[in-house]
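The structure appears below as C-alpha cells.
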Amino acid sequence: MKIGVNSEIGGLEGVVLHTPGPEVENMTPRNAERALYSDILNLSVAQKEYAQLADLLDTVTETYQVRDLLESVLAEPAVKSSLVMTICEAEGCLDLCDDLLALTEKTLARQFIEGVVQPRDNLTRFLSRERYSLPPLHNFFFTRDAAMAITDEILIGRMAKPVRSRESIIMEAIFNHCPRLSARTVNPLAQKHPDPAATIEGGDVLVARDDVLVIGNGSRTSTQGIDFIIERLKAQRDRERHLLVQELPHSPESFIHLDMVFTLLDQCHCMVFGPLMLQPSKYQAIHITVENGRVTRIREEKSLIEALRGVGMDLTPVCCGGVDDLWIQEREQWHSGANFFALAPGKVVGYARNVHTMEEMNNNGFDVLPADEIISGRRQLKDLGRCAITLDGSELPRGGGGARCMTMPVRRRPVTG
Ligand SMILES: NC(=[NH2+])NCCC[C@H](N)C(=O)O
C-alpha cells in the first residue's frame with residue numbers, strides 16, 4: 001500500500017492498529033501515572049471494546065496490526081539485530097542484547113511490546129523496585145502518536161515521554177522495512193544537529209488539507225518540534241503551505257494533544273472543546289506561511305477556526321459536551337469526547353458514553369448509530385449520510401484517548417466537493 005494522507009476525513013483505505021495486550025494491565029496504581037494512564041485498566045473489557053473498533057474498521061478499510069508488521073520486519077536478520085541494538089542502547093540495557101537476539105521474531109515482537117521482566121540474578125536487580133528491564137509499552141494501542149502519515153511521507157514521532165520512545169523506534173523500523181507499507185520516513189532525531197527539545201506526537205498533528213497542517217503546541221509537541229516541521233516544509237521548496245498552530249494548556253492531562261480538543265468531521269464541520277477553542281484565552285492560534293523555501297509570514301490569529309477560515313476552510317464547530325453546561329463539557333472532554341476519527345467525510349467514530357456530545361452531533365445533522373449496526377451488516381456505511389458511529393468505551397478512555405488516538409491512517413482517498 002502506498003502511503004497517502006492528504007486530509008483528516010478522506011475515505012479511509014489503510015490504517016495501522018494495535019490490539020491492546022497484557023501491556024495495558026501490567027502496572028499498579030502507584031506507577032499508572034508514569035505509564036501515562038489516569039487509571040488502571042481491565043484488559044478483558046478493554047479488548048472487547050477495542051475489538052468493536054477493529055471490527056468496524058475491517059468493514060471499511062485495510063487494517064494492519066503493529067505486531068504482525070513488527071514480526072515481519074524482525075524476520076530479516078539485519079533488521080532484527082539493528083532494532084535490538086537501537087532499543088537496548090536507547091533504554092540502557094545493552095546487557096539484554098544477546099538474550100533478545102536469541103528469541104524468535106514472534107517472541108521478540110511480543111517482548112518489545114509487552115516488556116521484558118527483569119531477572120533477579122544479582123544484588124542490584126534483587127533489590128530493584130522495577131519489575132521490568134524493558135518496560136511494557138502501555139500506550140502502543142494509541143498508534144496515532146508514534147508515527148504519522150503526512151501526504152506521502154511518514155514522520156516519526158519524537159515522544160515527549162521516554163516511556164513511549166520505543167514505540168517510535170518500532171514504527172520507524174516497520175515503515176523502513178516492511179514491503180507491505182514501505183514509505184519514506186523522516187525522523188527528527190536523524191538530522192545533523194537534532195534539537196533535544198524538539199518533540200512531536202501524532203495526536204497533535206492534523207493534516208487538514210494537502211497544504212494545511214494544524215498542530216497543537218503543548219505538553220507533547222514543543223515549539224522546537226514544530227520548527228522542525230517548518231524546516232521540512234522549507235526544504236520542499238514548493239508552493240504555499242500553511243501551518244496553523246494552536247497552543248494548549250499543560251493541564252489537565254486530557255489536553256495532552258490537540259486531537260483531544262479539536263478534530264475534523266467533514267468539509268464543513270469540526271468538533272471542538274468550546275471553552276478552549278471558541279472563547280478568548282491566553283492560548284494563541286498562530287498562522288505560519290511557508291513558500292519557496294522560506295517563512296513568508298507568521299502572525300497571531302483570533303482563533304484556530306478563524307485561521308482555518310482564512311485558508312478557505314469554513315468549519316462550523318460542534319461542541320463536545322453540548323453547548324449549555326461547562327461541567328458536562330469538561331466531563332465529556334476528559335473521556336475523549338472531542339476525539340473523533342473519520343472513516344470518510346462526515347462518517348465519524350466516537351465513544352457512546354459521551355451522550356451530550358452525541359446529542360450535539362445529532363443536532364448538527366449527524367445520525368447517531370452504534371458500531372454494531374455496521375459490524376453486523378444491518379447498515380452499510382455507503383448507504384449512510386452524515387453519521388456518528390458510537391463505540392462502547394469504559395476502559396479504553398481510561399488509557400487517555402479515543403478513536404482518533406487509536407488509529408494511524410496510512411492512506412485516504414482524496415476529498416471531493
Ligand atoms: N492522540 C492522542 N490524544 N493520544 C492519547 C494518548 C494517551 C496516552 N496515555 C499518553 O499519555 O500518551
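Residues in the C-alpha cells are numbered from 1 in each chain, the chains being A, B, ... in the order shown, and ligands are numbered from 1 in the order shown.
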For this session: Write out as an NGL selection string each polymer residue (protein, DNA or RNA) that has an atom no more than 10 Å from ligand 1, with only C-alpha atoms and all ligand atoms counted.
Result: :A and (32-39 or 138-146 or 159-161 or 163-164 or 201-205 or 219-220 or 253-261 or 336 or 338-339 or 396-408)
Extract, using only C-alpha atoms, all DNA, RNA and protein residues at most 12 Å from Thr104 of chain A, discarding same-chain residues fewer than 6 positions from it, and format them as a CSV table (one decimal) with C-alpha atoms, in the first residue's frame.
chain,number,residue,atom,x,y,z
A,71,GLU,CA,7.2,-9.7,13.3
A,72,SER,CA,7.6,-9.5,9.6
A,74,LEU,CA,12.1,-8.9,12.5
A,75,ALA,CA,12.3,-12.0,10.2
A,76,GLU,CA,15.0,-10.1,8.4
A,77,PRO,CA,18.2,-10.8,10.5
A,80,LYS,CA,16.4,-7.7,13.9
A,81,SER,CA,19.9,-7.1,15.1
A,110,ARG,CA,5.9,-9.7,22.0
A,111,GLN,CA,8.7,-8.8,24.4
Check: Among segment 145-353 of chain A, which ones does DSSP place in strand (DSSP E or B), written as an MDAnalysis selection string?
Finding: chainID A and resid 147:151 153:156 158 184:186 200 205:209 212:217 241:247 262:264 269:272 285:291 294:301 316:319 341:344 347:351
Min atom-atom distance to Arg158 of chain A from the set A:Val410, A:Ile229, A:Leu108, A:Leu100, counting only C-alpha atoms, belongs to A:Ile229
Would you mind listing, for every residue of segment 185-220 of chain A within 12 Å of segment 302-306 of chain A, the two atoms forming the shortest contact and the distance between them in Å to one decimal, using only C-alpha atoms, sorted by chain and ascending residue number, as CSV?
residue,atom,partner,partner_atom,distance
A:Ala208,CA,A:Leu304,CA,11.9
A:Leu213,CA,A:Leu304,CA,11.6
A:Val214,CA,A:Leu304,CA,8.6
A:Ile215,CA,A:Leu304,CA,10.1
A:Gly216,CA,A:Leu304,CA,10.4
Can you tell me, as a list in words, what residues are no more than 9 Å from Gly225 of chain A when counting only C-alpha atoms, ignoring any on the same chain fewer than 5 positions away?
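These residues fall inside the cut-off: Arg158, Pro188, Asp195, Ala197, Ala198, Thr199, Ile200, Asn217 and Ile230 of chain A.
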Check your understanding: Which residue out of A:Tyr283, A:Tyr132, A:Tyr351, A:Phe366 has the minimum interatomic distance to Val116 of chain A when only C-alpha atoms are used?
Key ->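 Smallest distance to Val116 of chain A is found for A:Tyr132.
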Practice problem: Give me the residues within 10 Å of Met313 of chain A as a VMD selection string, counting only C-alpha atoms and dropping any in the same chain fewer than 3 places off. | Solution: chain A and resid 208 to 209 212 267 to 269 305 to 310 316
Selected residues written out, C-alpha atoms, as a compact mmCIF listing (two decimals), in the first residue's frame:
# COMPACT_ATOMS: atom_id res chain seq x y z
CA ALA A 208 -6.39 19.41 7.35
CA ARG A 209 -5.65 19.66 3.61
CA VAL A 212 -2.66 22.88 5.58
CA GLN A 267 -15.83 19.55 4.78
CA CYS A 268 -17.91 21.93 6.86
CA HIS A 269 -17.86 20.74 10.48
CA ILE A 305 -11.39 28.38 13.48
CA GLU A 306 -10.69 31.90 12.09
CA ALA A 307 -7.29 30.84 10.81
CA LEU A 308 -8.87 27.88 9.01
CA ARG A 309 -11.50 30.17 7.54
CA GLY A 310 -8.66 32.36 6.29
CA THR A 316 -18.92 25.08 11.83
Q) Any idea what's packed within 10 Å of segment 1-14 of chain A, counting only C-alpha atoms, ignoring anything in its chain fewer than 6 positions away? Could you give it as JSON, numbers by chain? A) {"A": [57, 58, 60, 61, 62, 63, 64, 148, 149, 150, 151, 152, 153, 154, 175, 179, 180, 181, 182, 183, 184, 206, 207, 208, 209, 210, 211, 212, 213, 263, 264, 265, 266, 267, 341, 342, 343, 344, 345, 346, 347, 348, 404, 407, 408, 409, 410, 411, 412, 413, 414, 415, 416]}
Segment 386-391 of chain A surroundings by only C-alpha atoms, 8 Å radius, close-in-sequence under 4 positions cut, as an NGL selection string: :A and (49 or 52-53 or 345-352 or 358 or 361 or 365-371)
Take the selection from the previous step and output its residues with C-alpha atoms, as a PDB file, in the first residue's frame.
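Generated file (selection-v3.pdb):
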ATOM      1  CA  GLU A  49     -14.160  -2.624  23.418  1.00  0.00           C
ATOM      2  CA  GLN A  52     -15.512  -3.310  18.233  1.00  0.00           C
ATOM      3  CA  LEU A  53     -13.315  -0.592  16.773  1.00  0.00           C
ATOM      4  CA  PRO A 345     -16.198  12.725   5.094  1.00  0.00           C
ATOM      5  CA  GLY A 346     -18.992  13.121   7.636  1.00  0.00           C
ATOM      6  CA  LYS A 347     -18.769   9.493   8.813  1.00  0.00           C
ATOM      7  CA  VAL A 348     -17.032   9.584  12.128  1.00  0.00           C
ATOM      8  CA  VAL A 349     -16.428   7.375  15.145  1.00  0.00           C
ATOM      9  CA  GLY A 350     -16.519   8.315  18.835  1.00  0.00           C
ATOM     10  CA  TYR A 351     -17.387   6.939  22.280  1.00  0.00           C
ATOM     11  CA  ALA A 352     -21.043   6.256  23.056  1.00  0.00           C
ATOM     12  CA  MET A 358     -23.571  12.668  20.523  1.00  0.00           C
ATOM     13  CA  MET A 361     -23.709  15.798  16.751  1.00  0.00           C
ATOM     14  CA  GLY A 365     -27.196  16.716  11.238  1.00  0.00           C
ATOM     15  CA  PHE A 366     -25.264  13.570  12.124  1.00  0.00           C
ATOM     16  CA  ASP A 367     -27.236  10.337  12.567  1.00  0.00           C
ATOM     17  CA  VAL A 368     -26.026   8.622  15.699  1.00  0.00           C
ATOM     18  CA  LEU A 369     -25.800   4.826  15.482  1.00  0.00           C
ATOM     19  CA  PRO A 370     -23.923   2.087  17.337  1.00  0.00           C
ATOM     20  CA  ALA A 371     -20.936   0.457  15.622  1.00  0.00           C
TER      21      ALA A 371
END
Review point. Which residues come within 8 Å of Asn292 of chain A, counting only C-alpha atoms, excluding same-chain residues fewer than 5 positions away, as a list in words?
Key: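 Listed by chain and then number, they are Lys234, Gln236, Arg237, Asp238, Arg239 and Glu240 of chain A.
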Report, in Å with one decimal, the straight-line distance from atom CA of Ile87 of chain A to atom CA of His177 of chain A.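 So the two atoms, atom CA of Ile87 of chain A and atom CA of His177 of chain A, lie 16.3 Å apart.
When atom CA of Ile288 of chain A is paired with atom CA of Gly274 of chain A, their separation reads 23.4 Å.
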